[in-house]
Amino acid sequence: MKVRIVVLAKQVPDPETPPSQFKIDESSNSVITPNGVPPVVNGFDLNAVEAALLLKDSDADVEITVLSVGSDFVMDAMKKPLAMGADRLVLVADELLDKLDSSATVKLLAAAIQKDGPFDLILGGRQASDWDQAHVTLGLSEVLGLPLVSLVKKLEINGDSVSLQRLIPDGYQAITAPIPAVLTVTNELGEPRYPNLRGIMQASRKKPEIFSLDDLGLSPEDLTPKLELKKLYVPESNKQVELIEGEDEADSGKKLALRLREEKLI
Amino acid sequence: MTTVLLVAERDEQGEISQTTLQAVAAANGLTEAQVTIAFAGEAPSSAGSLAAEKVVTLSAIDASDSGIYEQATADVAAFAASMNPDVVMFNKSDFGSIVSARLAFRTDSALAADCIGISNADGAVSVTRPVYGGSALAEFEIRSTPAIVTLRAGAYEPSTETGSPSVEAADSTESVEQRAQVTDTVAEARDGVRLEDANFVVSGGRGLGGPEAFHVLTDLASVLGGAVGASRAACDAGWIDHSHQVGLTGKSVSPDVYIAVGISGASQHMAGCSSSRAIVAINKDSTSNIFKEARFGVVGDWEKILPSFIATVRELKA
Ligand SMILES: Cc1cc2nc3c(=O)[nH]c(=O)nc-3n(C[C@H](O)[C@H](O)[C@H](O)COP(=O)(O)OP(=O)(O)OC[C@H]3O[C@@H](n4cnc5c(N)ncnc54)[C@H](O)[C@@H]3O)c2cc1C
Ligand SMILES: Nc1ncnc2c1ncn2[C@@H]1O[C@H](COP(=O)(O)O)[C@@H](O)[C@H]1O
């Protein structure tokens with residue numbers, strides 16, 4: 001029997017942008033993307049794509065749909081999951097969808113999943129690296145009324161349940177959950193695979209399927225944020241480092257210890 | 001009046017956790033706050049002198065629900081419904097992150113995670129939270145009641161105020177069907193002090209070049225009576241278990257001294273250690289971001305710096 005998996009993937013500014021290049025336009029409360037740094041698919045969402053692909057590796061009858069909500073999609077970025085081996089890309093695209101809070105995002109994703117489903121597994125990333133909330137996938141499980149397991153680092157489908165390893169601060173839990181279920185995937189699952197040439201070629205030929213707000217039966221009023229962004233800014237730092245310099249590196253090491261003792265830090 | 005439901009947590013010894021005491025301070029910092037503190041299971045005896053109106057106990061979290069929190073969410077939701085608070089406050093712990101999110105979406109309420117500040121004026125609650133991995137701060141006004149928030153560890157000083165709250169058990173709730181089931185828990189053995197409690201943390205990053213170097217850090221940590229941390233890059237490389245990861249998606253530490261060796265100081269790493277009293281950086285690249293965050297630094301190769309540093313620390317400690 002065919003297993004249908006949907007992976008939730010968000011387009012975000014590249015989180016590896018060096019702090020010195022990270023700038024904000026305070027008049028519009030938004031991040032200024034540095035020139036030449038294209039957006040990426042949120043890193044943890046690629047871990048979720050990898051989780052789905054691992055299931056597909058062991059059972060060919062798996063179909064992987066990647067679902068994203070947003071505006072200004074950059075296809076080179078959004079097609080990466082397809083190039084890795086996912087089957088379909090579904091975009092809920094509308095220019096109104098660039099400043100959503102998690103409650104609106106969950107509404108849109110839930111509507112898209114209901115329209116495009118049913119799915120056996122809904123996989124999301126651990127958190128999105130722009131707003132760092134870690135809410136959307138959890139919220140979706142509540143709205144869809146499905147079991148939730150977060151921080152999954154290993155998974156296996158056994159008939160109508162999944163066996164999981166869930167990350168905890170000092171180890172992991174073994175968990176079984178009935179499917180359909182909502183899971184969030186963490187980077188401890190392992191590196192997402194690199195797309196190979198064949199994958200890239202196939203992805204370039206695939207067209208995303210686009211849903212509009214209308215298609216989902218939602219109106220802009222349904223998306224009124226519960227969290228209103230008032231101010232976005234880069235905090236001032238007035239820290240001044242004291243560099244310890246000795247005659248050579250070994251001497252610096254010694255001087256550092258003496259300096260810390262002088263400050264009564266050790 | 002601003003009614004606050006604070007969902008408390010206990011530490012390994014069963015005492016009120018330091019992060020809960022921080023939340024108590026945050027809750028009492030709201031104007032005209034009236035605070036109710038809820039414990040899962042029995043409240044520790046020290047709860048009787050917390051700075052609050054009322055302490056309630058909810059049913060205990062059992063091991064099969066830990067990490068899933070279906071029953072815990074139902075219990076908190078039932079109590080919140082009976083109390084109808086303006087603010088529901090959690091810590092950004094495993095428990096707090098999950099229960100807060102489930103509660104918010106179950107009740108269609110606003111949710112703000114990992115806040116470092118919360119305030120209220122004219123009936124509106126506002127929060128400040130780090131975003132973009134800590135590269136920026138965002139201020140939000142919360143547009144629905146209750147405002148559900150989780151607080152970042154270390155954002156507030158633990159409350160030292162005392163009070164004389166009433167202590168009572170909440171009405172028992174129905175038991176819910178646990179769909180996902182925890183069948184086993186595998187915890188990494190720890191020797192020495194807990195990373196989160198350590199006064200000294202020695203952390204290593206990608207610059208260490210491999211797992212062997214962590215033995216040197218362990219050596220230094222034991223001389224200082226501290227714990228070993230790591231960057232995500234070092235954990236992802238498999239050089240050390242993820243339970244040592246410090247940062248946004250790892251542990252939050254606030255030691256007296258945080259020594260970062262071969263760590264570039266990405267905002268997501270600093271999110272876990274920036275409340276340390278002093279950060280000491282050892283890095284061969286003088287332009288590295290870590291030197292913008294550190295109080296003391298040595299520019300150079302850790303392999304040449306650490307041996308004499310450790311030897312001198314050992315002598316000073318003898
Ligand atoms: C959403 C999200 C969450 C994240 N969460 C975390 C988190 O919780 N914790 C975390 O740590 N990261 C986290 N990261 C990753 C973070 O962005 C960085 O990629 C990571 O912290 C880099 O680790 P590093 O400093 O060890 O490696 P690098 O950035 O590669 O730095 C290595 C440093 O070592 C120095 N070096 C090299 N050789 C030597 C030598 N011989 N002697 C001295 N110095 C040397 C180099 O100059 C360099 O500065 C997260 C990222 C995202 C997107
Ligand atoms: N706009 C979006 N489109 C698709 N998936 C999303 C979107 N926003 C969040 N998600 C998913 O939800 C996870 C958690 O996001 P967040 O709650 O914003 O931290 C992400 O890792 C994604 O898997």
# chains A, B, ... in the order shown; residues from 1 in each chain; ligands from 1
$ interface_residues --of "chain B" --to "chain A" --cutoff "7 Å" --atoms "only C-alpha atoms" --output "compact mmCIF listing (two decimals) with all heavy atoms, in the first residue's frame"
# COMPACT_ATOMS: atom_id res chain seq x y z
N ILE B 68 5.62 13.46 25.57
CA ILE B 68 4.45 13.58 24.69
C ILE B 68 3.50 14.59 25.30
O ILE B 68 3.01 15.49 24.65
CB ILE B 68 3.69 12.22 24.58
CG1 ILE B 68 4.65 11.07 24.33
CG2 ILE B 68 2.59 12.32 23.55
CD1 ILE B 68 5.19 10.97 22.95
N ALA B 101 2.73 24.96 23.49
CA ALA B 101 2.28 24.98 22.10
C ALA B 101 0.96 24.23 21.95
O ALA B 101 0.03 24.70 21.29
CB ALA B 101 3.35 24.38 21.19
N ARG B 102 0.87 23.07 22.59
CA ARG B 102 -0.38 22.31 22.47
C ARG B 102 -1.53 23.12 23.06
O ARG B 102 -2.62 23.19 22.47
CB ARG B 102 -0.25 20.99 23.21
CG ARG B 102 0.87 20.13 22.67
CD ARG B 102 0.75 18.72 23.15
NE ARG B 102 0.10 17.96 22.11
CZ ARG B 102 0.15 16.64 22.00
NH1 ARG B 102 0.78 15.92 22.89
NH2 ARG B 102 -0.44 16.02 21.02
N PHE B 105 -2.64 26.14 20.73
CA PHE B 105 -3.40 25.81 19.53
C PHE B 105 -4.72 25.10 19.88
O PHE B 105 -5.67 25.17 19.12
CB PHE B 105 -2.55 25.00 18.56
CG PHE B 105 -1.56 25.87 17.83
CD1 PHE B 105 -0.28 26.09 18.35
CD2 PHE B 105 -1.92 26.53 16.67
CE1 PHE B 105 0.61 26.93 17.70
CE2 PHE B 105 -1.03 27.37 16.02
CZ PHE B 105 0.24 27.57 16.53
N ARG B 106 -4.76 24.46 21.04
CA ARG B 106 -6.02 23.85 21.46
C ARG B 106 -7.04 24.93 21.81
O ARG B 106 -8.21 24.77 21.60
CB ARG B 106 -5.74 22.96 22.68
CG ARG B 106 -6.84 22.01 23.00
CD ARG B 106 -6.40 20.97 24.02
NE ARG B 106 -5.44 20.02 23.47
CZ ARG B 106 -5.04 18.93 24.11
NH1 ARG B 106 -5.49 18.66 25.32
NH2 ARG B 106 -4.17 18.11 23.55
N ALA B 110 -2.69 33.14 21.59
CA ALA B 110 -1.39 33.57 21.09
C ALA B 110 -0.27 32.91 21.87
O ALA B 110 -0.41 32.61 23.06
CB ALA B 110 -1.26 35.08 21.24
N ALA B 113 7.42 32.08 22.11
CA ALA B 113 8.38 31.15 22.72
C ALA B 113 9.69 31.82 23.04
O ALA B 113 10.10 32.75 22.34
CB ALA B 113 8.64 29.99 21.76
N VAL B 131 15.37 36.51 17.84
CA VAL B 131 14.96 35.84 16.60
C VAL B 131 16.18 35.75 15.68
O VAL B 131 17.25 36.27 16.01
CB VAL B 131 13.80 36.61 15.90
CG1 VAL B 131 12.54 36.56 16.76
CG2 VAL B 131 14.18 38.06 15.64
N TYR B 132 16.02 35.08 14.55
CA TYR B 132 17.14 34.87 13.63
C TYR B 132 18.36 34.34 14.39
O TYR B 132 19.47 34.88 14.28
CB TYR B 132 17.45 36.15 12.86
CG TYR B 132 16.35 36.48 11.87
CD1 TYR B 132 15.30 37.32 12.22
CD2 TYR B 132 16.32 35.88 10.62
CE1 TYR B 132 14.26 37.58 11.35
CE2 TYR B 132 15.30 36.13 9.74
CZ TYR B 132 14.27 36.99 10.09
OH TYR B 132 13.25 37.22 9.22
N GLY B 133 18.13 33.34 15.19
CA GLY B 133 19.23 32.68 15.89
C GLY B 133 19.86 33.53 16.97
O GLY B 133 20.87 33.14 17.56
N SER B 135 20.52 36.85 16.28
CA SER B 135 21.10 38.00 15.60
C SER B 135 20.27 39.25 15.81
O SER B 135 20.76 40.36 15.64
CB SER B 135 21.22 37.74 14.09
OG SER B 135 22.14 36.71 13.85
N ALA B 136 18.98 39.07 16.10
CA ALA B 136 18.10 40.23 16.29
C ALA B 136 17.18 40.00 17.47
O ALA B 136 17.02 38.87 17.94
CB ALA B 136 17.28 40.46 15.02
N LEU B 137 16.59 41.11 17.94
CA LEU B 137 15.55 41.03 18.96
C LEU B 137 14.26 41.53 18.36
O LEU B 137 14.26 42.46 17.56
CB LEU B 137 15.91 41.88 20.19
CG LEU B 137 17.08 41.40 21.05
CD1 LEU B 137 17.32 42.39 22.19
CD2 LEU B 137 16.82 40.01 21.60
N ALA B 138 13.16 40.90 18.75
CA ALA B 138 11.85 41.33 18.25
C ALA B 138 10.95 41.61 19.43
O ALA B 138 10.95 40.88 20.42
CB ALA B 138 11.24 40.24 17.37
N GLU B 139 10.19 42.70 19.32
CA GLU B 139 9.18 43.02 20.33
C GLU B 139 7.81 42.79 19.72
O GLU B 139 7.51 43.30 18.64
CB GLU B 139 9.32 44.47 20.79
CG GLU B 139 10.57 44.67 21.63
CD GLU B 139 10.82 46.13 21.99
OE1 GLU B 139 9.90 46.96 21.82
OE2 GLU B 139 11.96 46.42 22.41
N PHE B 140 7.00 42.02 20.42
CA PHE B 140 5.66 41.72 19.94
C PHE B 140 4.62 42.17 20.95
O PHE B 140 4.83 42.07 22.16
CB PHE B 140 5.48 40.20 19.78
CG PHE B 140 6.29 39.57 18.70
CD1 PHE B 140 7.51 38.96 18.99
CD2 PHE B 140 5.84 39.56 17.38
CE1 PHE B 140 8.26 38.35 18.00
CE2 PHE B 140 6.60 38.95 16.39
CZ PHE B 140 7.81 38.35 16.69
N GLU B 141 3.49 42.62 20.42
CA GLU B 141 2.34 42.81 21.29
C GLU B 141 1.42 41.60 21.07
O GLU B 141 1.20 41.18 19.94
CB GLU B 141 1.60 44.09 20.94
CG GLU B 141 0.54 44.43 21.95
CD GLU B 141 -0.08 45.79 21.66
OE1 GLU B 141 0.67 46.79 21.57
OE2 GLU B 141 -1.32 45.83 21.51
N ILE B 142 0.92 41.07 22.17
CA ILE B 142 0.11 39.86 22.07
C ILE B 142 -1.35 40.26 21.96
O ILE B 142 -1.86 41.02 22.77
CB ILE B 142 0.38 38.95 23.28
CG1 ILE B 142 1.86 38.53 23.24
CG2 ILE B 142 -0.54 37.73 23.24
CD1 ILE B 142 2.28 37.56 24.28
N ARG B 143 -2.00 39.77 20.91
CA ARG B 143 -3.32 40.26 20.55
C ARG B 143 -4.45 39.33 20.92
O ARG B 143 -5.52 39.40 20.35
CB ARG B 143 -3.34 40.50 19.03
CG ARG B 143 -2.55 41.73 18.63
CD ARG B 143 -3.00 42.91 19.45
NE ARG B 143 -2.66 44.19 18.88
CZ ARG B 143 -3.23 44.70 17.80
NH1 ARG B 143 -4.11 44.04 17.14
NH2 ARG B 143 -2.88 45.89 17.37
N SER B 144 -4.24 38.38 21.83
CA SER B 144 -5.37 37.57 22.25
C SER B 144 -5.14 37.13 23.68
O SER B 144 -4.03 37.16 24.19
CB SER B 144 -5.56 36.37 21.32
OG SER B 144 -4.56 35.42 21.54
N ARG B 179 -2.05 8.42 22.78
CA ARG B 179 -1.90 7.79 21.46
C ARG B 179 -0.45 7.39 21.24
O ARG B 179 -0.15 6.24 20.99
CB ARG B 179 -2.41 8.75 20.40
CG ARG B 179 -3.91 9.01 20.56
CD ARG B 179 -4.36 10.17 19.72
NE ARG B 179 -3.76 11.44 20.15
CZ ARG B 179 -4.06 12.61 19.63
NH1 ARG B 179 -4.89 12.69 18.62
NH2 ARG B 179 -3.49 13.70 20.07
N ALA B 180 0.47 8.33 21.37
CA ALA B 180 1.88 7.98 21.26
C ALA B 180 2.33 7.46 22.64
O ALA B 180 1.94 8.00 23.66
CB ALA B 180 2.69 9.19 20.87
N GLN B 181 3.12 6.40 22.65
CA GLN B 181 3.52 5.78 23.91
C GLN B 181 5.04 5.71 24.02
O GLN B 181 5.71 5.24 23.09
CB GLN B 181 3.01 4.32 23.96
CG GLN B 181 1.51 4.18 24.04
CD GLN B 181 1.00 4.31 25.46
OE1 GLN B 181 1.79 4.32 26.41
NE2 GLN B 181 -0.31 4.42 25.64
N VAL B 182 5.56 6.15 25.16
CA VAL B 182 7.00 6.02 25.40
C VAL B 182 7.26 4.60 25.89
O VAL B 182 6.66 4.15 26.87
CB VAL B 182 7.47 7.04 26.46
CG1 VAL B 182 8.96 6.86 26.73
CG2 VAL B 182 7.17 8.45 26.00
N THR B 183 8.13 3.88 25.20
CA THR B 183 8.38 2.49 25.60
C THR B 183 9.71 2.34 26.33
O THR B 183 9.93 1.36 27.02
CB THR B 183 8.36 1.56 24.36
OG1 THR B 183 9.30 2.05 23.40
CG2 THR B 183 6.97 1.51 23.74
N ASP B 184 10.61 3.31 26.16
CA ASP B 184 11.92 3.18 26.80
C ASP B 184 12.59 4.55 26.85
O ASP B 184 12.32 5.39 25.99
CB ASP B 184 12.79 2.21 25.98
CG ASP B 184 14.01 1.73 26.75
OD1 ASP B 184 14.05 1.93 27.99
OD2 ASP B 184 14.91 1.15 26.12
N THR B 185 13.43 4.75 27.85
CA THR B 185 14.20 5.99 27.92
C THR B 185 15.67 5.62 28.08
O THR B 185 16.01 4.85 28.98
CB THR B 185 13.73 6.86 29.10
OG1 THR B 185 12.36 7.19 28.89
CG2 THR B 185 14.53 8.15 29.20
N VAL B 186 16.50 6.12 27.21
CA VAL B 186 17.92 5.80 27.25
C VAL B 186 18.68 7.10 27.53
O VAL B 186 18.69 8.01 26.71
CB VAL B 186 18.38 5.21 25.89
CG1 VAL B 186 19.86 4.85 25.92
CG2 VAL B 186 17.54 3.99 25.53
N ALA B 187 19.26 7.19 28.72
CA ALA B 187 19.95 8.43 29.09
C ALA B 187 21.45 8.22 29.10
O ALA B 187 21.94 7.18 29.54
CB ALA B 187 19.46 8.93 30.44
N GLU B 188 22.13 9.19 28.60
CA GLU B 188 23.59 9.21 28.58
C GLU B 188 24.09 9.29 30.03
O GLU B 188 23.62 10.12 30.81
CB GLU B 188 23.98 10.46 27.80
CG GLU B 188 25.42 10.81 27.69
CD GLU B 188 26.15 10.02 26.63
OE1 GLU B 188 25.56 9.09 26.02
OE2 GLU B 188 27.30 10.33 26.42
N ASP B 236 27.53 17.39 15.64
CA ASP B 236 27.10 16.81 14.36
C ASP B 236 28.20 15.95 13.75
O ASP B 236 27.93 14.96 13.07
CB ASP B 236 26.71 17.92 13.37
CG ASP B 236 25.31 18.48 13.63
OD1 ASP B 236 24.61 17.93 14.51
OD2 ASP B 236 24.92 19.45 12.96
N SER B 243 24.28 15.59 23.88
CA SER B 243 23.85 16.10 25.19
C SER B 243 24.80 17.19 25.70
O SER B 243 24.49 17.87 26.67
CB SER B 243 23.74 14.96 26.20
OG SER B 243 24.97 14.28 26.29
N ASP B 256 30.26 30.96 35.68
CA ASP B 256 31.12 32.12 35.94
C ASP B 256 32.07 32.31 34.76
O ASP B 256 32.29 33.43 34.32
CB ASP B 256 31.95 31.89 37.21
CG ASP B 256 31.07 31.95 38.45
OD1 ASP B 256 30.01 32.61 38.38
OD2 ASP B 256 31.42 31.33 39.47
N VAL B 257 32.64 31.21 34.30
CA VAL B 257 33.58 31.31 33.18
C VAL B 257 33.19 30.29 32.11
O VAL B 257 33.00 29.10 32.40
CB VAL B 257 35.03 31.02 33.63
CG1 VAL B 257 35.98 31.25 32.47
CG2 VAL B 257 35.41 31.88 34.82
N PHE B 291 35.27 36.78 19.36
CA PHE B 291 36.03 37.84 20.03
C PHE B 291 35.17 39.10 20.25
O PHE B 291 35.55 39.99 20.98
CB PHE B 291 37.30 38.18 19.24
CG PHE B 291 38.33 37.09 19.32
CD1 PHE B 291 38.71 36.38 18.18
CD2 PHE B 291 38.92 36.74 20.53
CE1 PHE B 291 39.65 35.36 18.25
CE2 PHE B 291 39.86 35.71 20.62
CZ PHE B 291 40.22 35.02 19.47
N LYS B 292 34.01 39.15 19.58
CA LYS B 292 33.10 40.28 19.83
C LYS B 292 32.23 40.01 21.05
O LYS B 292 31.57 40.89 21.57
CB LYS B 292 32.21 40.52 18.62
CG LYS B 292 33.01 40.90 17.38
CD LYS B 292 32.13 41.58 16.34
CE LYS B 292 32.95 42.05 15.17
NZ LYS B 292 33.43 40.90 14.34
N GLU B 293 32.22 38.77 21.49
CA GLU B 293 31.36 38.38 22.60
C GLU B 293 32.16 38.11 23.88
O GLU B 293 31.59 38.02 24.96
CB GLU B 293 30.60 37.09 22.25
CG GLU B 293 29.82 37.15 20.95
CD GLU B 293 28.50 37.86 21.11
OE1 GLU B 293 28.05 38.03 22.26
OE2 GLU B 293 27.92 38.27 20.08
N ALA B 294 33.47 37.94 23.71
CA ALA B 294 34.29 37.47 24.83
C ALA B 294 34.83 38.63 25.66
O ALA B 294 34.94 39.76 25.19
CB ALA B 294 35.45 36.65 24.29
N ARG B 295 35.16 38.32 26.94
CA ARG B 295 35.81 39.32 27.76
C ARG B 295 37.32 39.17 27.68
O ARG B 295 38.06 40.13 27.68
CB ARG B 295 35.32 39.17 29.20
CG ARG B 295 35.70 40.34 30.04
CD ARG B 295 34.81 40.48 31.24
NE ARG B 295 35.65 40.72 32.39
CZ ARG B 295 35.39 40.30 33.60
NH1 ARG B 295 34.30 39.59 33.84
NH2 ARG B 295 36.20 40.57 34.59
N PHE B 296 37.77 37.93 27.63
CA PHE B 296 39.20 37.67 27.45
C PHE B 296 39.39 36.77 26.24
O PHE B 296 38.55 35.90 25.98
CB PHE B 296 39.78 36.96 28.68
CG PHE B 296 39.64 37.77 29.94
CD1 PHE B 296 38.62 37.50 30.84
CD2 PHE B 296 40.52 38.82 30.19
CE1 PHE B 296 38.48 38.27 32.00
CE2 PHE B 296 40.38 39.59 31.34
CZ PHE B 296 39.36 39.32 32.25
N GLY B 297 40.50 36.97 25.54
CA GLY B 297 40.73 36.12 24.38
C GLY B 297 42.20 35.92 24.12
O GLY B 297 43.04 36.75 24.49
N VAL B 298 42.51 34.78 23.52
CA VAL B 298 43.84 34.55 23.00
C VAL B 298 43.69 34.15 21.54
O VAL B 298 42.91 33.25 21.23
CB VAL B 298 44.59 33.43 23.76
CG1 VAL B 298 45.98 33.22 23.16
CG2 VAL B 298 44.69 33.74 25.24
N GLY B 300 45.18 32.32 18.56
CA GLY B 300 46.22 31.34 18.27
C GLY B 300 45.66 29.94 18.21
O GLY B 300 44.45 29.73 18.29
N LYS B 304 48.65 24.76 20.96
CA LYS B 304 49.84 25.35 21.57
C LYS B 304 49.48 26.11 22.84
O LYS B 304 50.33 26.30 23.71
CB LYS B 304 50.51 26.31 20.57
CG LYS B 304 50.88 25.63 19.25
CD LYS B 304 52.07 26.31 18.61
CE LYS B 304 52.47 25.66 17.32
NZ LYS B 304 51.65 26.11 16.17
N ILE B 305 48.23 26.57 22.91
CA ILE B 305 47.83 27.42 24.04
C ILE B 305 47.35 26.61 25.24
O ILE B 305 47.71 26.90 26.38
CB ILE B 305 46.71 28.40 23.59
CG1 ILE B 305 47.25 29.33 22.49
CG2 ILE B 305 46.17 29.21 24.76
CD1 ILE B 305 46.16 30.04 21.69
N LEU B 306 46.56 25.60 24.97
CA LEU B 306 45.92 24.89 26.08
C LEU B 306 46.87 24.20 27.05
O LEU B 306 46.67 24.27 28.27
CB LEU B 306 44.87 23.89 25.57
CG LEU B 306 43.46 24.42 25.33
CD1 LEU B 306 42.50 23.26 25.10
CD2 LEU B 306 42.96 25.26 26.50
N SER B 308 49.86 24.88 28.25
CA SER B 308 50.42 25.76 29.28
C SER B 308 49.32 26.40 30.11
O SER B 308 49.48 26.64 31.30
CB SER B 308 51.29 26.85 28.63
OG SER B 308 50.49 27.62 27.75
N PHE B 309 48.17 26.63 29.49
CA PHE B 309 47.02 27.18 30.23
C PHE B 309 46.60 26.18 31.31
O PHE B 309 46.46 26.52 32.49
CB PHE B 309 45.86 27.47 29.27
CG PHE B 309 44.61 27.97 29.95
CD1 PHE B 309 44.59 29.23 30.54
CD2 PHE B 309 43.46 27.19 29.99
CE1 PHE B 309 43.42 29.69 31.16
CE2 PHE B 309 42.31 27.65 30.61
CZ PHE B 309 42.29 28.90 31.20
N THR B 312 49.17 25.85 34.12
CA THR B 312 49.16 26.99 35.05
C THR B 312 47.91 26.96 35.94
O THR B 312 47.99 27.23 37.14
CB THR B 312 49.22 28.33 34.26
OG1 THR B 312 50.21 28.21 33.24
CG2 THR B 312 49.54 29.49 35.16
N VAL B 313 46.77 26.61 35.35
CA VAL B 313 45.54 26.51 36.16
C VAL B 313 45.74 25.45 37.25
O VAL B 313 45.39 25.66 38.41
CB VAL B 313 44.32 26.14 35.28
CG1 VAL B 313 43.10 25.82 36.13
CG2 VAL B 313 43.99 27.27 34.31
$ residues_near_ligand --ligand "ligand 1" --cutoff "7 Å" --atoms "only C-alpha atoms and all ligand atoms" --output "PyMOL selection string"
(chain A and resi 15-16+43+127-129+132) or (chain B and resi 133+204-209+230-234+245-250+261-269+272+282-285+288+300-303)
$ atom_distance --atom1 "atom CA of A:Val37" --atom2 "atom CA of A:Ala51"
26.9 Å
$ select_by_dssp --residues "stretch 22-261 of chain A" --states "strand (DSSP E or B)" --output "ChimeraX atom specification"
/A:23-25,30-32,40-41,62-70,88-93,121-125,148-158,161-168,171-178,181-185,209-211,227-233,242-243
$ select_by_dssp --residues "stretch 163-315 of chain B" --states "alpha helix (DSSP H)" --output "ChimeraX atom specification"
/B:213-224,232-236,267-270,290-293,302-315
$ residues_around --residues "B:Glu53" --least-positions-apart "5" --cutoff "9 Å" --atoms "only C-alpha atoms" --output "ChimeraX atom specification"
/B:34-37,163-166
$ write_last_selection --atoms "N, CA, C and O atoms" --output "mmCIF file, in the first residue's frame"
data_model
loop_
_atom_site.group_PDB
_atom_site.id
_atom_site.type_symbol
_atom_site.label_atom_id
_atom_site.label_comp_id
_atom_site.auth_asym_id
_atom_site.auth_seq_id
_atom_site.Cartn_x
_atom_site.Cartn_y
_atom_site.Cartn_z
ATOM 1 N N GLN B 34 -1.336 38.931 39.725
ATOM 2 C CA GLN B 34 -1.868 38.024 40.722
ATOM 3 C C GLN B 34 -1.524 36.620 40.223
ATOM 4 O O GLN B 34 -2.053 36.178 39.203
ATOM 5 N N VAL B 35 -0.589 35.988 40.937
ATOM 6 C CA VAL B 35 0.065 34.817 40.373
ATOM 7 C C VAL B 35 -0.424 33.519 41.011
ATOM 8 O O VAL B 35 -0.488 33.409 42.234
ATOM 9 N N THR B 36 -0.786 32.571 40.177
ATOM 10 C CA THR B 36 -1.091 31.212 40.622
ATOM 11 C C THR B 36 -0.024 30.294 40.046
ATOM 12 O O THR B 36 0.270 30.368 38.851
ATOM 13 N N ILE B 37 0.563 29.463 40.900
ATOM 14 C CA ILE B 37 1.635 28.583 40.436
ATOM 15 C C ILE B 37 1.143 27.146 40.474
ATOM 16 O O ILE B 37 0.662 26.668 41.510
ATOM 17 N N GLY B 163 6.189 34.688 50.001
ATOM 18 C CA GLY B 163 4.784 34.983 50.189
ATOM 19 C C GLY B 163 4.164 33.856 50.997
ATOM 20 O O GLY B 163 4.873 32.982 51.499
ATOM 21 N N SER B 164 2.867 33.890 51.125
ATOM 22 C CA SER B 164 2.215 32.786 51.835
ATOM 23 C C SER B 164 0.971 32.354 51.071
ATOM 24 O O SER B 164 -0.168 32.633 51.462
ATOM 25 N N PRO B 165 1.212 31.705 49.942
ATOM 26 C CA PRO B 165 0.091 31.294 49.095
ATOM 27 C C PRO B 165 -0.721 30.173 49.744
ATOM 28 O O PRO B 165 -0.192 29.420 50.558
ATOM 29 N N SER B 166 -1.982 30.090 49.350
ATOM 30 C CA SER B 166 -2.749 28.906 49.715
ATOM 31 C C SER B 166 -2.260 27.756 48.834
ATOM 32 O O SER B 166 -1.821 27.981 47.710
#
$ residues_around --residues "A:Arg193" --least-positions-apart "3" --cutoff "10 Å" --atoms "only C-alpha atoms" --output "number ranges by chain"
A: 46-47, 49-50, 53-54, 81, 83-85, 190, 196
$ residues_around --residues "A:Gly124" --least-positions-apart "4" --cutoff "8 Å" --atoms "only C-alpha atoms" --output "number ranges by chain"
A: 7-9, 44-45, 48, 137, 182-185
$ closest_residue --among "A:Ile157, A:Val69, A:Leu216, A:Ile200" --to "A:Glu95" --atoms "only C-alpha atoms"
A:Val69
$ closest_residue --among "B:Asp114, B:Glu15, B:Asp122, B:Glu212" --to "ligand 2" --atoms "only C-alpha atoms and all ligand atoms"
B:Asp114
$ closest_residue --among "B:Val167, B:Ala77, B:Val149, B:Leu111" --to "B:Leu50" --atoms "only C-alpha atoms"
B:Val167
